[in-house]
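A.B. asks: Sharing coords.tsv below, TSV, C-alpha atoms and all ligand atoms:
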chain	number	residue	atom	x	y	z
A	1	MET	CA	0.00	0.00	0.00
A	2	VAL	CA	1.35	3.40	-0.95
A	3	SER	CA	0.42	7.07	-0.76
A	4	TYR	CA	0.20	9.08	-3.94
A	5	ARG	CA	0.29	12.74	-4.77
A	6	PHE	CA	-2.12	13.24	-7.64
A	7	SER	CA	-3.77	15.85	-9.78
A	8	SER	CA	-7.42	16.22	-9.05
A	9	PRO	CA	-9.61	16.11	-12.14
A	10	THR	CA	-12.66	18.27	-12.25
A	11	LEU	CA	-14.51	18.37	-9.00
A	12	SER	CA	-17.99	18.99	-10.11
A	13	SER	CA	-20.09	20.13	-7.20
A	14	THR	CA	-19.51	22.35	-4.24
A	15	PRO	CA	-16.88	20.77	-2.07
A	16	LEU	CA	-17.66	20.63	1.61
A	17	LEU	CA	-13.99	20.73	2.46
A	18	SER	CA	-11.64	23.42	1.26
A	19	ILE	CA	-9.90	21.42	-1.43
A	20	THR	CA	-8.62	23.47	-4.35
A	21	GLN	CA	-10.54	22.58	-7.47
A	22	THR	CA	-9.63	21.61	-11.04
A	23	HIS	CA	-6.18	20.92	-12.25
A	24	THR	CA	-4.33	21.94	-9.15
A	25	SER	CA	-2.22	19.50	-7.30
A	26	ILE	CA	-3.69	18.30	-4.08
A	27	VAL	CA	-2.23	15.87	-1.65
A	28	ALA	CA	-4.41	12.96	-0.77
A	29	THR	CA	-3.60	9.78	0.99
A	30	ILE	CA	-5.27	6.88	-0.67
A	31	ARG	CA	-4.75	3.23	-0.17
A	32	ILE	CA	-4.39	1.68	-3.57
A	33	GLU	CA	-2.28	-1.01	-5.09
A	34	TYR	CA	0.68	-0.08	-7.25
A	35	PHE	CA	-0.46	0.93	-10.72
A	36	SER	CA	1.54	-0.88	-13.38
A	37	GLY	CA	1.05	1.68	-16.15
A	38	THR	CA	-1.18	-0.19	-18.57
A	39	ILE	CA	-4.94	-0.16	-18.78
A	40	PRO	CA	-6.30	-3.56	-17.69
A	41	THR	CA	-8.54	-5.66	-19.95
A	42	ILE	CA	-11.27	-7.46	-18.03
A	43	ASP	CA	-13.39	-10.33	-19.32
A	44	ILE	CA	-16.86	-9.57	-17.95
A	45	SER	CA	-18.50	-12.81	-19.12
A	46	GLY	CA	-18.22	-14.28	-15.61
A	47	PHE	CA	-20.38	-11.41	-14.36
A	48	LEU	CA	-22.93	-11.60	-17.17
A	49	ASP	CA	-23.47	-15.37	-16.89
A	50	GLY	CA	-23.33	-15.23	-13.10
A	51	SER	CA	-20.46	-17.75	-12.83
A	52	ASP	CA	-17.86	-15.44	-11.28
A	53	LYS	CA	-19.48	-12.15	-10.35
A	54	MET	CA	-17.32	-11.16	-7.41
A	55	ALA	CA	-14.02	-11.88	-9.17
A	56	VAL	CA	-15.00	-9.63	-12.09
A	57	ALA	CA	-16.27	-6.95	-9.69
A	58	ALA	CA	-12.98	-6.95	-7.77
A	59	LYS	CA	-10.98	-6.31	-10.96
A	60	VAL	CA	-13.34	-3.53	-12.02
A	61	GLY	CA	-13.20	-1.91	-8.58
A	62	GLN	CA	-9.40	-1.97	-8.60
A	63	ALA	CA	-9.23	-0.39	-12.09
A	64	CYS	CA	-11.74	2.33	-11.11
A	65	GLN	CA	-9.66	3.24	-8.07
A	66	GLU	CA	-6.31	3.14	-9.75
A	67	ILE	CA	-6.88	4.76	-13.13
A	68	GLY	CA	-10.63	5.11	-13.81
A	69	PHE	CA	-10.18	3.31	-17.16
A	70	PHE	CA	-10.39	-0.34	-18.17
A	71	MET	CA	-11.17	-2.36	-21.26
A	72	ILE	CA	-13.72	-5.15	-21.52
A	73	ARG	CA	-14.20	-8.28	-23.55
A	74	GLY	CA	-16.78	-11.02	-23.12
A	75	HIS	CA	-19.66	-8.49	-23.36
A	76	GLY	CA	-21.53	-10.21	-26.20
A	77	VAL	CA	-21.82	-7.19	-28.52
A	78	ASP	CA	-21.68	-8.21	-32.14
A	79	ARG	CA	-18.53	-7.33	-34.09
A	80	GLU	CA	-20.41	-7.16	-37.38
A	81	LEU	CA	-22.65	-4.41	-36.04
A	82	LEU	CA	-19.63	-2.29	-35.21
A	83	ARG	CA	-18.03	-2.85	-38.58
A	84	LYS	CA	-21.18	-1.66	-40.28
A	85	LEU	CA	-21.59	1.26	-37.89
A	86	GLN	CA	-18.04	2.43	-38.55
A	87	MET	CA	-18.59	2.31	-42.32
A	88	SER	CA	-21.88	4.15	-42.02
A	89	SER	CA	-20.25	6.75	-39.80
A	90	SER	CA	-17.44	7.38	-42.35
A	91	ALA	CA	-20.06	7.82	-45.05
A	92	PHE	CA	-21.93	10.37	-42.91
A	93	PHE	CA	-18.80	12.45	-42.26
A	94	ASP	CA	-17.81	12.24	-45.93
A	95	SER	CA	-21.13	13.75	-47.02
A	96	PRO	CA	-21.37	17.48	-47.86
A	97	ILE	CA	-21.41	19.85	-44.90
A	98	THR	CA	-24.83	21.15	-45.96
A	99	ILE	CA	-26.24	17.63	-45.51
A	100	LYS	CA	-24.49	17.08	-42.17
A	101	GLN	CA	-25.76	20.41	-40.87
A	102	LEU	CA	-29.36	19.30	-41.41
A	103	SER	CA	-29.03	17.29	-38.19
A	104	THR	CA	-29.38	19.70	-35.34
A	105	GLY	CA	-30.87	19.83	-31.85
A	106	PRO	CA	-30.68	21.32	-28.36
A	107	PHE	CA	-28.12	20.41	-25.71
A	108	GLY	CA	-25.34	19.57	-28.17
A	109	LEU	CA	-27.44	17.09	-30.13
A	110	GLY	CA	-27.17	16.63	-33.88
A	111	TYR	CA	-24.13	17.51	-35.93
A	112	MET	CA	-21.39	19.58	-34.33
A	113	GLY	CA	-18.84	20.93	-36.80
A	114	GLN	CA	-15.27	22.02	-36.18
A	115	GLY	CA	-14.93	24.41	-33.27
A	116	THR	CA	-18.50	23.99	-31.98
A	117	GLU	CA	-17.52	22.02	-28.89
A	118	ASN	CA	-14.35	22.70	-26.96
A	119	VAL	CA	-13.98	20.36	-24.07
A	120	ALA	CA	-11.01	22.21	-22.53
A	121	ALA	CA	-13.50	24.93	-21.53
A	122	THR	CA	-15.31	22.44	-19.27
A	123	LEU	CA	-12.31	22.65	-16.96
A	124	LYS	CA	-11.00	26.14	-17.62
A	125	GLN	CA	-13.44	28.73	-18.99
A	126	ASP	CA	-10.91	30.88	-20.87
A	127	SER	CA	-8.96	27.94	-22.27
A	128	GLN	CA	-7.05	28.61	-25.48
A	129	VAL	CA	-7.17	24.99	-26.57
A	130	LYS	CA	-9.52	24.07	-29.42
A	131	ASP	CA	-10.54	20.63	-30.68
A	132	TYR	CA	-10.14	19.68	-34.33
A	133	LYS	CA	-13.05	17.26	-34.66
A	134	GLU	CA	-16.65	16.91	-35.79
A	135	SER	CA	-19.37	14.77	-34.26
A	136	LEU	CA	-22.91	13.50	-34.60
A	137	ASN	CA	-24.70	13.34	-31.25
A	138	LEU	CA	-27.80	11.24	-30.85
A	139	THR	CA	-30.21	10.43	-28.08
A	140	LEU	CA	-33.19	8.11	-28.18
A	141	PRO	CA	-35.94	8.20	-29.34
A	142	VAL	CA	-35.07	8.69	-33.00
A	143	ARG	CA	-36.16	12.23	-33.91
A	144	ASP	CA	-36.45	13.79	-37.33
A	145	GLY	CA	-34.19	16.81	-37.53
A	146	VAL	CA	-31.73	15.45	-34.97
A	147	TRP	CA	-31.09	12.03	-36.51
A	148	PRO	CA	-29.92	12.03	-40.14
A	149	PRO	CA	-32.65	10.81	-42.49
A	150	ASN	CA	-30.50	7.92	-43.78
A	151	ASN	CA	-32.41	4.75	-42.85
A	152	ASP	CA	-29.35	2.50	-42.61
A	153	LEU	CA	-27.62	4.87	-40.24
A	154	ARG	CA	-30.78	5.20	-38.16
A	155	GLU	CA	-31.22	1.47	-37.92
A	156	LEU	CA	-27.58	0.74	-37.09
A	157	CYS	CA	-27.34	3.52	-34.53
A	158	SER	CA	-30.57	2.62	-32.77
A	159	THR	CA	-29.69	-1.10	-32.63
A	160	TYR	CA	-26.24	-0.28	-31.28
A	161	TYR	CA	-27.71	2.33	-28.92
A	162	SER	CA	-30.05	-0.22	-27.29
A	163	GLN	CA	-27.16	-2.66	-26.83
A	164	MET	CA	-25.11	0.09	-25.17
A	165	GLU	CA	-27.99	0.95	-22.83
A	166	THR	CA	-28.19	-2.69	-21.75
A	167	LEU	CA	-24.41	-2.97	-21.33
A	168	ALA	CA	-24.29	0.28	-19.34
A	169	SER	CA	-26.95	-0.93	-16.91
A	170	GLN	CA	-25.03	-4.18	-16.47
A	171	LEU	CA	-21.87	-2.18	-15.77
A	172	MET	CA	-23.72	-0.11	-13.17
A	173	ARG	CA	-24.66	-3.35	-11.41
A	174	LEU	CA	-21.05	-4.44	-11.62
A	175	PHE	CA	-20.02	-1.10	-10.11
A	176	ALA	CA	-22.41	-1.65	-7.20
A	177	LEU	CA	-20.86	-5.04	-6.49
A	178	ALA	CA	-17.37	-3.58	-6.82
A	179	MET	CA	-18.30	-1.17	-4.02
A	180	ASN	CA	-19.60	-4.05	-1.89
A	181	LEU	CA	-23.15	-2.77	-2.26
A	182	ASP	CA	-26.26	-4.64	-3.18
A	183	GLU	CA	-26.10	-5.31	-6.92
A	184	CYS	CA	-29.31	-3.28	-7.41
A	185	PHE	CA	-28.06	-0.23	-5.48
A	186	PHE	CA	-27.96	2.06	-8.52
A	187	ASP	CA	-31.04	0.64	-10.26
A	188	ASP	CA	-33.51	3.35	-9.19
A	189	LYS	CA	-30.93	6.08	-9.93
A	190	VAL	CA	-30.29	4.94	-13.49
A	191	ASP	CA	-33.62	3.53	-14.63
A	192	LYS	CA	-34.33	6.63	-16.80
A	193	PRO	CA	-30.78	7.62	-17.59
A	194	TYR	CA	-29.83	10.46	-19.91
A	195	THR	CA	-27.56	8.89	-22.50
A	196	THR	CA	-26.04	9.95	-25.80
A	197	LEU	CA	-24.36	8.12	-28.63
A	198	ARG	CA	-21.66	10.07	-30.42
A	199	LEU	CA	-20.02	9.37	-33.74
A	200	LEU	CA	-16.70	11.20	-33.79
A	201	ASN	CA	-14.49	12.08	-36.71
A	202	TYR	CA	-11.03	13.57	-36.33
A	203	PRO	CA	-9.91	14.68	-39.81
A	204	GLU	CA	-6.38	14.09	-41.10
A	205	PHE	CA	-4.03	16.04	-38.87
A	206	GLU	CA	-0.24	16.15	-38.70
A	207	SER	CA	0.34	17.49	-35.21
A	208	GLU	CA	-0.88	19.85	-32.54
A	209	LYS	CA	-0.59	23.48	-33.69
A	210	THR	CA	-0.24	26.80	-31.89
A	211	ASP	CA	-1.37	29.96	-33.66
A	212	THR	CA	1.50	32.39	-33.18
A	213	VAL	CA	-0.81	35.41	-33.28
A	214	THR	CA	-3.70	34.29	-31.08
A	215	GLY	CA	-1.89	31.68	-29.00
A	216	VAL	CA	-4.74	29.25	-29.67
A	217	VAL	CA	-3.64	25.63	-29.55
A	218	THR	CA	-5.44	23.18	-31.86
A	219	THR	CA	-5.45	19.56	-30.80
A	220	ARG	CA	-7.65	16.54	-31.50
A	221	ASN	CA	-9.51	16.39	-28.21
A	222	ALA	CA	-8.26	18.50	-25.32
A	223	GLU	CA	-7.89	17.02	-21.87
A	224	HIS	CA	-11.16	16.70	-20.04
A	225	THR	CA	-13.12	14.38	-17.84
A	226	ASP	CA	-16.43	12.82	-18.85
A	227	TYR	CA	-19.42	14.17	-17.02
A	228	GLY	CA	-21.65	11.33	-15.93
A	229	THR	CA	-21.40	7.77	-14.72
A	230	LEU	CA	-19.54	5.88	-17.43
A	231	THR	CA	-18.49	6.00	-21.06
A	232	ILE	CA	-18.31	2.99	-23.38
A	233	LEU	CA	-16.01	3.77	-26.28
A	234	TRP	CA	-15.15	1.84	-29.39
A	235	SER	CA	-12.59	2.80	-31.96
A	236	SER	CA	-11.20	0.59	-34.69
A	237	ASP	CA	-7.84	2.18	-33.84
A	238	SER	CA	-7.82	3.91	-30.46
A	239	ARG	CA	-4.20	5.08	-30.72
A	240	GLY	CA	-3.95	8.70	-29.62
A	241	LEU	CA	-6.28	8.34	-26.62
A	242	GLN	CA	-4.38	8.90	-23.38
A	243	ALA	CA	-5.40	8.87	-19.71
A	244	LEU	CA	-3.60	10.69	-16.92
A	245	SER	CA	-2.55	8.38	-14.12
A	246	ARG	CA	-2.85	9.45	-10.50
A	247	GLN	CA	0.94	9.81	-10.59
A	248	GLY	CA	0.60	12.43	-13.35
A	249	GLU	CA	1.81	10.31	-16.27
A	250	TRP	CA	-0.06	10.16	-19.64
A	251	ILE	CA	-0.82	6.53	-20.45
A	252	ASP	CA	-1.78	5.27	-23.93
A	253	VAL	CA	-5.20	3.62	-24.02
A	254	MET	CA	-4.77	1.08	-26.78
A	255	ALA	CA	-7.44	-1.48	-27.61
A	256	PRO	CA	-6.64	-4.06	-30.31
A	257	ILE	CA	-6.77	-2.52	-33.78
A	258	VAL	CA	-9.67	-3.74	-35.91
A	259	ASP	CA	-9.60	-3.80	-39.70
A	260	VAL	CA	-13.23	-3.03	-40.48
A	261	SER	CA	-12.89	-4.27	-44.05
A	262	ILE	CA	-12.45	-7.87	-42.91
A	263	ASP	CA	-14.30	-10.04	-40.45
A	264	ASP	CA	-11.68	-12.04	-38.59
A	265	GLY	CA	-14.15	-12.96	-35.86
A	266	ASP	CA	-12.03	-11.46	-33.07
A	267	ASP	CA	-13.80	-10.21	-29.97
A	268	ILE	CA	-14.47	-6.47	-29.89
A	269	VAL	CA	-12.80	-4.72	-26.96
A	270	PHE	CA	-14.54	-1.68	-25.49
A	271	ILE	CA	-12.81	1.04	-23.53
A	272	ILE	CA	-14.67	2.03	-20.38
A	273	ASN	CA	-14.00	5.07	-18.26
A	274	ILE	CA	-15.89	6.52	-15.37
A	275	GLY	CA	-17.20	10.07	-15.20
A	276	ASP	CA	-17.40	12.87	-12.65
A	277	LEU	CA	-20.61	11.78	-10.99
A	278	MET	CA	-19.17	8.38	-10.14
A	279	MET	CA	-16.23	10.19	-8.56
A	280	ASN	CA	-18.63	12.36	-6.52
A	281	TRP	CA	-20.67	9.33	-5.48
A	282	THR	CA	-17.54	7.55	-4.24
A	283	ASN	CA	-16.06	10.62	-2.53
A	284	ASP	CA	-13.04	10.45	-4.89
A	285	LYS	CA	-12.33	6.81	-4.10
A	286	TRP	CA	-12.85	6.19	-7.83
A	287	VAL	CA	-11.32	8.59	-10.25
A	288	SER	CA	-12.92	10.42	-13.19
A	289	THR	CA	-9.70	10.48	-15.14
A	290	LEU	CA	-8.42	13.30	-17.27
A	291	HIS	CA	-8.02	12.06	-20.80
A	292	ARG	CA	-7.27	13.51	-24.22
A	293	VAL	CA	-6.72	12.54	-27.84
A	294	VAL	CA	-3.38	13.47	-29.36
A	295	VAL	CA	-1.77	12.50	-32.65
A	296	HIS	CA	-0.11	9.14	-32.12
A	297	PRO	CA	3.25	9.07	-33.97
A	298	GLU	CA	2.30	5.91	-35.87
A	299	THR	CA	-0.99	7.37	-37.12
A	300	GLN	CA	0.27	10.84	-38.05
A	301	GLY	CA	-1.60	12.44	-40.93
A	302	ARG	CA	-4.41	9.90	-40.75
A	303	ARG	CA	-8.06	10.35	-40.01
A	304	ARG	CA	-9.24	8.91	-36.67
A	305	MET	CA	-12.75	7.85	-35.72
A	306	SER	CA	-14.36	6.74	-32.50
A	307	ILE	CA	-17.81	6.00	-31.14
A	308	PRO	CA	-18.39	6.85	-27.47
A	309	PHE	CA	-21.63	6.15	-25.64
A	310	PHE	CA	-22.13	8.43	-22.63
A	311	HIS	CA	-24.21	7.22	-19.71
A	312	ASN	CA	-25.51	9.59	-17.06
A	313	PRO	CA	-27.80	8.95	-14.08
A	314	ASN	CA	-31.48	9.88	-14.15
A	315	PRO	CA	-31.54	13.69	-14.47
A	316	ASP	CA	-33.39	13.97	-11.13
A	317	ALA	CA	-31.02	11.62	-9.28
A	318	VAL	CA	-29.37	13.25	-6.28
A	319	ILE	CA	-25.69	12.45	-6.25
A	320	GLU	CA	-24.32	12.29	-2.74
A	321	CYS	CA	-21.53	10.42	-1.06
A	322	ILE	CA	-22.28	6.70	-0.75
A	323	PRO	CA	-21.76	6.04	2.97
A	324	SER	CA	-19.77	2.84	2.41
A	325	CYS	CA	-17.23	4.85	0.38
A	326	LEU	CA	-16.31	6.98	3.39
A	327	ARG	CA	-13.11	5.93	5.05
A	328	GLU	CA	-12.72	6.19	8.80
A	329	ASN	CA	-12.85	9.82	9.97
A	330	GLU	CA	-13.51	11.01	6.43
A	331	LEU	CA	-16.23	13.54	5.57
A	332	PRO	CA	-18.16	13.90	2.32
A	333	LYS	CA	-16.21	16.17	-0.03
A	334	TYR	CA	-19.16	17.41	-2.09
A	335	ALA	CA	-22.58	18.76	-1.30
A	336	PRO	CA	-25.43	16.65	-2.73
A	337	MET	CA	-26.23	17.68	-6.29
A	338	LEU	CA	-28.73	16.93	-9.04
A	339	ALA	CA	-27.26	14.95	-11.92
A	340	LYS	CA	-29.07	17.27	-14.33
A	341	SER	CA	-27.38	20.40	-12.90
A	342	HIS	CA	-23.92	18.97	-13.37
A	343	LEU	CA	-24.64	17.95	-16.92
A	344	GLU	CA	-26.15	21.34	-17.80
A	345	ALA	CA	-23.14	23.17	-16.38
A	346	LYS	CA	-20.67	21.01	-18.32
A	347	VAL	CA	-22.53	21.10	-21.64
A	348	SER	CA	-22.91	24.89	-21.34
A	349	LYS	CA	-19.18	25.33	-20.78
A	350	ALA	CA	-18.27	23.03	-23.67
A	351	LEU	CA	-20.58	24.88	-26.06
A	352	GLY	CA	-19.88	28.39	-24.72
A	353	LYS	CA	-23.59	29.17	-24.21
A	354	THR	CA	-26.26	28.39	-21.63
A	355	GLU	CA	-27.84	25.02	-22.33
A	356	THR	CA	-30.68	23.55	-20.33
A	357	MET	CA	-31.97	20.03	-20.37
A	358	ASP	CA	-35.56	20.70	-21.31
A	359	ASP	CA	-38.32	18.42	-20.16
A	360	ASP	CA	-38.87	16.93	-23.59
A	361	LEU	CA	-35.34	15.51	-23.48
A	362	ILE	CA	-36.09	13.93	-20.15
A	363	LEU	CA	-39.72	12.92	-20.47
A	364	GLU	CA	-39.43	11.41	-23.91
A	365	LYS	CA	-37.04	8.78	-22.57
B	1	LIG	O1	-12.09	9.73	-29.36
B	1	LIG	C1	-11.71	9.24	-28.31
B	1	LIG	O2	-10.99	8.25	-28.26
B	1	LIG	C2	-12.12	9.88	-26.98
B	1	LIG	C3	-13.31	10.78	-27.07
B	1	LIG	C4	-13.66	11.39	-25.75
B	1	LIG	O3	-12.94	11.34	-24.80
B	1	LIG	C5	-14.96	12.07	-25.61
B	1	LIG	O4	-15.66	12.31	-26.61
B	1	LIG	O5	-15.34	12.38	-24.45
B	2	FE	FE	-14.03	11.84	-22.97
Go ahead and express the file in the form of structure tokens.
C.D. replies:
Amino acid sequence: MVSYRFSSPTLSSTPLLSITQTHTSIVATIRIEYFSGTIPTIDISGFLDGSDKMAVAAKVGQACQEIGFFMIRGHGVDRELLRKLQMSSSAFFDSPITIKQLSTGPFGLGYMGQGTENVAATLKQDSQVKDYKESLNLTLPVRDGVWPPNNDLRELCSTYYSQMETLASQLMRLFALAMNLDECFFDDKVDKPYTTLRLLNYPEFESEKTDTVTGVVTTRNAEHTDYGTLTILWSSDSRGLQALSRQGEWIDVMAPIVDVSIDDGDDIVFIINIGDLMMNWTNDKWVSTLHRVVVHPETQGRRRMSIPFFHNPNPDAVIECIPSCLRENELPKYAPMLAKSHLEAKVSKALGKTETMDDDLILEK
């Protein structure tokens, strides 16, 4: 057991203790095992079929404490579906901008072109770092105007979306077990979750650039934390994604590379990371890890694509320290907060304008 000095990622609600927020170094004594520097891959089939639930939960709990990232196999999601989704996503991003811009919606939904979303601003309002990316952001149900009219894309995305919703609720149960709670602990807090599916395209890019006049830095995806409970990400080539360890070292998050033009039958590996609200719930025992996308030297000049699925609690869920996460003599670090308020604050910062989660987004779920 060792003590670490670590950088605190975004602390999202009012802290009850006077801990300096966002990006500053704080000293915390935590009891965690030595982190070996690679992101673990965990086979979750023993949880899903009930044969080895606690062993899987223990590995997940350890990863969430140490680095807040892990990869999974044995989840049962069909490889063929992802191959098709990736091809459909490329076709969408290759279509004329006037067609892409037909998909639009509130709260960052629909198509977001270059410069629309800058995640660095979710941590530092006047950040000079801009993301060089475009995305299509979808939430269920399928809505005309928000979802592109293409029937194939609609069908693939909604099939994949439903599978991600199921997988995310299974992961929430796994999280409960990993915290030594009843497996159903989170059920009533995530039974009407706010979720989004994002297709992401990072155009060809040689390297990070700094504008000598304005000082603006352009990168692929600036460092940030995800906002909610968990993210399930797939990329046929994840190289470039990096997570900051508690020791302050950037670690490559590399899932096996998939050639989408062939079906070699290999298992798909998903990258999972936890978000801010899980960190609040656990009183920082689990870490919502800073991560970013840079240009990996071996993929320089190439386009990069990824498909994250973001899972958040029910908008009206109150996020407050789970008592079993409190260590002896420890106090809750954050005041209770509504999941919806955290999400609204983050989305508003990322988009540079006030965004509210209107009732139709919530009630239509
Ligand atoms: O593209 C990736 O690999 C990461 C994307 C990401 O972190 C995000 O959209 O929140
Ligand atoms: Fe992220």
A.B. asks: Could you tell me which of A:Glu165, A:Asp237, A:Asp226, A:Glu320 comes closest to ligand LIG 1 (chain B) if we count only C-alpha atoms and all ligand atoms?
C.D. replies: A:Asp226
A.B. asks: Out of A:Leu177, A:Val119, A:Ile362, A:Leu338, which residue has the shortest atom-to-atom distance to ligand LIG 1 (chain B) when counting only C-alpha atoms and all ligand atoms?
C.D. replies: A:Val119
A.B. asks: Give me the residues within 6 Å of Leu244 (chain A) as a tab-separated table (two decimals) with C-alpha atoms, keeping the file's coordinate frame, counting all atoms listed in the file and dropping any in the same chain fewer than 5 places off.
C.D. replies:
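Okay, out_12.tsv is ready:
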chain	number	residue	atom	x	y	z
A	249	GLU	CA	1.81	10.31	-16.27
A	250	TRP	CA	-0.06	10.16	-19.64
A	290	LEU	CA	-8.42	13.30	-17.27
A.B. asks: Go through A:Leu174, A:Ile72, A:Leu343, A:Val260 and flag the residue nearest Asp52 (chain A), using all atoms listed in the file for the distances.
C.D. replies: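 Ranked by minimum distance to Asp52 (chain A), first place goes to A:Leu174.
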A.B. asks: Set the cut-off to 10 Å, count only C-alpha atoms and all ligand atoms, and list whatever residues fall near ligand FE 2 (chain B) as an MDAnalysis selection string.
C.D. replies: chainID A and resid 119 221:227 230:233 241 243 273:275 288:293 308:310
A.B. asks: Counting all atoms listed in the file, figure out which residue out of A:Leu109, A:Ile99, A:Leu199, A:Ile42 gets nearest to ligand LIG 1 (chain B).
C.D. replies: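 Among the listed residues, the smallest separation from ligand LIG 1 (chain B) belongs to A:Leu199.
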A.B. asks: Region 126-133 of chain A: which residues within 7 Å, counting all atoms listed in the file, same-chain residues fewer than 6 positions away excluded, as a PDB file with C-alpha atoms, keeping the file's coordinate frame?
C.D. replies:
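Written output follows (part.pdb):
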ATOM      1  CA  GLN A 114     -15.270  22.020 -36.180  1.00  0.00           C
ATOM      2  CA  GLY A 115     -14.930  24.410 -33.270  1.00  0.00           C
ATOM      3  CA  ASN A 118     -14.350  22.700 -26.960  1.00  0.00           C
ATOM      4  CA  ALA A 120     -11.010  22.210 -22.530  1.00  0.00           C
ATOM      5  CA  ASN A 201     -14.490  12.080 -36.710  1.00  0.00           C
ATOM      6  CA  TYR A 202     -11.030  13.570 -36.330  1.00  0.00           C
ATOM      7  CA  PRO A 203      -9.910  14.680 -39.810  1.00  0.00           C
ATOM      8  CA  GLY A 215      -1.890  31.680 -29.000  1.00  0.00           C
ATOM      9  CA  VAL A 216      -4.740  29.250 -29.670  1.00  0.00           C
ATOM     10  CA  VAL A 217      -3.640  25.630 -29.550  1.00  0.00           C
ATOM     11  CA  THR A 218      -5.440  23.180 -31.860  1.00  0.00           C
ATOM     12  CA  THR A 219      -5.450  19.560 -30.800  1.00  0.00           C
ATOM     13  CA  ARG A 220      -7.650  16.540 -31.500  1.00  0.00           C
ATOM     14  CA  ASN A 221      -9.510  16.390 -28.210  1.00  0.00           C
ATOM     15  CA  ALA A 222      -8.260  18.500 -25.320  1.00  0.00           C
TER      16      ALA A 222
END
A.B. asks: Near Leu138 (chain A), within 12 Å and counting all atoms listed in the file, which residues show up once chain neighbours fewer than 3 positions away are dropped, as number ranges by chain?
C.D. replies: A: 103-112, 135, 141-148, 153-154, 157-158, 160-161, 194-200, 307-310, 361
A.B. asks: Could you jot down the CA of Pro256 (chain A) to CA of Ser162 (chain A) separation for me, Å, one decimal place?
C.D. replies: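 Here the two named atoms are 23.9 Å from each other.
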A.B. asks: List as a PyMOL selection string the residues having at least one atom at most 12 Å from position (-14.1, -2.7, -12.3) as given in the file, counting all atoms listed in the file.
C.D. replies: chain A and resi 39-44+47+53-72+170-180+230+271-274+286-287
A.B. asks: Limited to C-alpha atoms, could you put the picked residues into a file as a CSV table (one decimal), keeping the file's coordinate frame?
C.D. replies:
chain,number,residue,atom,x,y,z
A,39,ILE,CA,-4.9,-0.2,-18.8
A,40,PRO,CA,-6.3,-3.6,-17.7
A,41,THR,CA,-8.5,-5.7,-20.0
A,42,ILE,CA,-11.3,-7.5,-18.0
A,43,ASP,CA,-13.4,-10.3,-19.3
A,44,ILE,CA,-16.9,-9.6,-18.0
A,47,PHE,CA,-20.4,-11.4,-14.4
A,53,LYS,CA,-19.5,-12.2,-10.4
A,54,MET,CA,-17.3,-11.2,-7.4
A,55,ALA,CA,-14.0,-11.9,-9.2
A,56,VAL,CA,-15.0,-9.6,-12.1
A,57,ALA,CA,-16.3,-7.0,-9.7
A,58,ALA,CA,-13.0,-7.0,-7.8
A,59,LYS,CA,-11.0,-6.3,-11.0
A,60,VAL,CA,-13.3,-3.5,-12.0
A,61,GLY,CA,-13.2,-1.9,-8.6
A,62,GLN,CA,-9.4,-2.0,-8.6
A,63,ALA,CA,-9.2,-0.4,-12.1
A,64,CYS,CA,-11.7,2.3,-11.1
A,65,GLN,CA,-9.7,3.2,-8.1
A,66,GLU,CA,-6.3,3.1,-9.8
A,67,ILE,CA,-6.9,4.8,-13.1
A,68,GLY,CA,-10.6,5.1,-13.8
A,69,PHE,CA,-10.2,3.3,-17.2
A,70,PHE,CA,-10.4,-0.3,-18.2
A,71,MET,CA,-11.2,-2.4,-21.3
A,72,ILE,CA,-13.7,-5.2,-21.5
A,170,GLN,CA,-25.0,-4.2,-16.5
A,171,LEU,CA,-21.9,-2.2,-15.8
A,172,MET,CA,-23.7,-0.1,-13.2
A,173,ARG,CA,-24.7,-3.4,-11.4
A,174,LEU,CA,-21.0,-4.4,-11.6
A,175,PHE,CA,-20.0,-1.1,-10.1
A,176,ALA,CA,-22.4,-1.6,-7.2
A,177,LEU,CA,-20.9,-5.0,-6.5
A,178,ALA,CA,-17.4,-3.6,-6.8
A,179,MET,CA,-18.3,-1.2,-4.0
A,180,ASN,CA,-19.6,-4.0,-1.9
A,230,LEU,CA,-19.5,5.9,-17.4
A,271,ILE,CA,-12.8,1.0,-23.5
A,272,ILE,CA,-14.7,2.0,-20.4
A,273,ASN,CA,-14.0,5.1,-18.3
A,274,ILE,CA,-15.9,6.5,-15.4
A,286,TRP,CA,-12.8,6.2,-7.8
A,287,VAL,CA,-11.3,8.6,-10.2
A.B. asks: Kindly compute an axis-aligned box around the listed atoms of region 70-78 of chain A, allowing 3 Å on each side, and express its centre and edge lengths in Å to one decimal as AutoDock Vina command-line options.
C.D. replies:
--center_x -16.1 --center_y -5.7 --center_z -25.2 --size_x 17.4 --size_y 16.7 --size_z 20.0
A.B. asks: Of the candidates A:Leu136, A:Val77, A:Ala345, A:Val213, which one gets nearest to ligand LIG 1 (chain B) if we count all atoms listed in the file?
C.D. replies: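 Of A:Leu136, A:Val77, A:Ala345, A:Val213, the one nearest ligand LIG 1 (chain B), counting all atoms listed in the file, is A:Leu136.
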A.B. asks: Up to 9 Å from (-13.0, -7.6, -31.7) in the file's coordinates: name the residues, counting only C-alpha atoms, as a ChimeraX atom specification.
C.D. replies: /A:73,78-79,236,256-258,264-270
A.B. asks: If we count only C-alpha atoms, what is near region 296-302 of chain A at a cut-off of 6 Å, once residues fewer than 2 positions away on the same chain are taken out, given as a VMD selection string?
C.D. replies: chain A and resid 204 to 206 239 to 240
